[in-house]
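Worksheet: the structure to be examined is printed underneath.
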Amino acid sequence: MMYINGFSAINTLTKAGENELSLEAGFVAVPFKRQAYQDYKNYIKGAALRRMSPSVKMSAVAAQQVISQANHKNLNGVIVGTGMGCKADSDAFLEKLLEDETLLSPTKFIQSTHNTVAGQLAILLDCKAYNMTFVQNSLSLESALIDAQLELASSEEKNILVGGVDELSPKTEEHLQFLHPESTFNFGEGAHFFMVANQKYNESVAQIKSIELVSELKAENLQTKINEILERNKLQINDIDAVILGIDQYLDNYYGILQETFHNSAVYTYKNKIGEFYTTNGFALWLACYGFKNQQIPTEFLYGKTVGKRLNNVLIYNQNNGKEHSFILVQNL
Amino acid sequence: MSNLREELKYKIIENLNLEDLSVEDIGNNDLLFGDDIGLDSIDALEIIVLLEKDYGIKITDPKQGKEIFESIETIAQFIEKNQ
């Protein structure tokens with residue numbers, strides 16, 4: 001059993017500390033918004049703040065927020081998923097390495113490892129328990145969630161902070177264009193954190209029923225996979241009230257199959273609003289929790305027709321150019 | 001002479017990312033690692049790299065660091081003596 005007791009987001013649509021959507025028409029590029037959504041001085045002490053990368057800052061604020069939502073329960077672990085880690089400091093460190101490898105900045109080196117975020121969160125939250133980082137491309141957050149699920153599969157009461165974070169650096173676009181030359185991404189960044197537990201509390205908003213990851217999946221086998229997931233959770237297609245799809249510039253037939261399968265459900269998408277990054281699916285999970293709490297997902301995210309059902313079961317599906325498929329089934333409480 | 005001190009203040013603010021401080025906020029004799037500015041051991045490493053990179057001065061004996069890094073004034077004197 002994995003219950004979500006707190007959920008927090010920092011991205012171009014949600015300001016630091018507010019956890020509320022600030023919707024604008026279309027996609028707004030990060031550099032124009034960063035000042036607006038990243039005002040951390042109220043949340044992090046100045047001395048600590050100056051050495052933190054954008055990823056650490058976003059995560060620190062989001063983490064404090066979910067811990068507060070979950071009524072400051074004892075923390076038994078910190079698990080972070082990130083596709084590219086503290087990218088800006090990694091870029092700076094590697095550039096200095098090319099200039100002169102004998103004189104390197106220790107701060108940039110410390111910050112350029114992917115597990116910096118989880119480590120900094122442990123220090124900030126004084127959590128000496130389990131600390132893990134997953135770097136698994138577009139399945140980084142999902143891998144972290146599965147690890148949390150395994151950690152929670154014990155009889156003793158446990159609360160774990162789990163989240164995904166990725167930051168945009170001036171070099172990110174150049175690097176991603178190199179990796180995906182055919183892409184027309186709108187790049188984004190953000191931190192999405194969740195307090196999960198194996199106990200249901202008063203503040204619990206959702207239960208993650210299932211997380212399934214498939215690296216290689218042919219489009220013709222997608223329907224079978226969905227059926228398997230639903231069957232395992234004793235659900236029918238019509239029980240899914242909403243699907244949240246990671247539709248991006250690759251308008252392939254995978255998302256079309258999902259839309260056809262769930263033609264009686266509301267279909268939402270979000271990458272056109274917050275941009276593309278490796279842990280962007282964190283926003284989909286955040287949006288599902290937000291939807292449960294408010295009993296509606298804002299119509300700005302609708303992709304297709306509206307279905308006015310009560311929001312009980314939400315299926316989140318994402319994939320990366322036909323690979324790295326993830327299915328997260330989440331239920332209202 | 002004072003140019004070096006101003007330059008050091010600027011470089012320390014820039015390299016150590018002391019966002020809330022300006023050159024005017026740091027006195028020549030303020031304690032860099034004490035209550036005045038509040039730097040820490042990682043900052044000391046950054047200053048060691050800065051001295052070597054920008055002034056060609058290598059600190060060979062780590063024990064010297066405590067005295068050299070006491071203030072902008074002591075760092076400036078060390079540079080003037082060793083350059």
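Letters for chains follow the order of the structure tokens (A, B, ...), residue numbers begin at 1 for each chain, and ligand numbers begin at 1 in the order shown.
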Residues of chain B within 7 Å of chain A: nearest atom pair and distance (Å, one decimal) for each, counting only C-alpha atoms, sorted by chain and number, as a Markdown table?
```
| residue | atom | partner | partner_atom | distance |
| --- | --- | --- | --- | --- |
| B:Asn17 | CA | A:Arg50 | CA | 5.7 |
| B:Leu18 | CA | A:Arg50 | CA | 6.3 |
| B:Glu19 | CA | A:Arg50 | CA | 6.7 |
| B:Ile42 | CA | A:Thr107 | CA | 7.0 |
| B:Leu45 | CA | A:Pro106 | CA | 6.7 |
| B:Glu46 | CA | A:Ser105 | CA | 6.0 |
| B:Val49 | CA | A:Leu103 | CA | 5.9 |
| B:Lys53 | CA | A:Leu103 | CA | 6.7 |
```
Write a file of the selected residues as a PDB file, in the first residue's frame, keeping N, CA and C atoms.
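Ended up saving to result_23.pdb:
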```pdb
ATOM      1  N   ASN B  17      29.617  33.161  -4.704  1.00  0.00           N
ATOM      2  CA  ASN B  17      28.186  33.381  -4.906  1.00  0.00           C
ATOM      3  C   ASN B  17      27.520  34.042  -3.689  1.00  0.00           C
ATOM      4  N   LEU B  18      28.179  35.086  -3.170  1.00  0.00           N
ATOM      5  CA  LEU B  18      27.639  35.800  -2.003  1.00  0.00           C
ATOM      6  C   LEU B  18      26.621  36.834  -2.486  1.00  0.00           C
ATOM      7  N   GLU B  19      25.481  36.307  -2.930  1.00  0.00           N
ATOM      8  CA  GLU B  19      24.457  37.124  -3.599  1.00  0.00           C
ATOM      9  C   GLU B  19      24.025  38.371  -2.824  1.00  0.00           C
ATOM     10  N   ILE B  42      34.478  25.005   2.646  1.00  0.00           N
ATOM     11  CA  ILE B  42      34.390  24.871   1.172  1.00  0.00           C
ATOM     12  C   ILE B  42      34.787  26.203   0.521  1.00  0.00           C
ATOM     13  N   LEU B  45      38.482  26.438   0.252  1.00  0.00           N
ATOM     14  CA  LEU B  45      38.990  25.718  -0.928  1.00  0.00           C
ATOM     15  C   LEU B  45      38.828  26.567  -2.188  1.00  0.00           C
ATOM     16  N   GLU B  46      37.686  27.244  -2.281  1.00  0.00           N
ATOM     17  CA  GLU B  46      37.436  28.109  -3.450  1.00  0.00           C
ATOM     18  C   GLU B  46      38.477  29.240  -3.496  1.00  0.00           C
ATOM     19  N   VAL B  49      41.820  27.983  -4.758  1.00  0.00           N
ATOM     20  CA  VAL B  49      41.795  27.845  -6.228  1.00  0.00           C
ATOM     21  C   VAL B  49      41.898  29.223  -6.881  1.00  0.00           C
ATOM     22  N   LYS B  53      44.759  30.413  -9.457  1.00  0.00           N
ATOM     23  CA  LYS B  53      44.320  30.664 -10.831  1.00  0.00           C
ATOM     24  C   LYS B  53      44.558  32.118 -11.252  1.00  0.00           C
TER      25      LYS B  53
END
```
Handout entry: Sel. of strand (DSSP E) residues, segment 196-322 of chain A, as a VMD selection string
Key = chain A and resid 196 to 197 206 to 216 242 to 245 266 to 269 313 to 320
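Of the listed residues (B:Ile13, B:Ile79, B:Ile72, B:Leu31), B:Ile79 comes nearest to Asp54 of chain B; the distances count only C-alpha atoms.
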Problem - Test item, helix (DSSP H, G or I) assignment across segment 146-283 of chain A, answer as a VMD selection string - result: chain A and resid 146 to 152 172 to 179 219 to 232 237 to 239 253 to 261 271 to 274 281 to 283
Practice task
Please measure the separation of atom CA of Gly282 of chain A and atom CA of Gly164 of chain A, giving the value in Å to one decimal.
Solution key: 6.2 Å
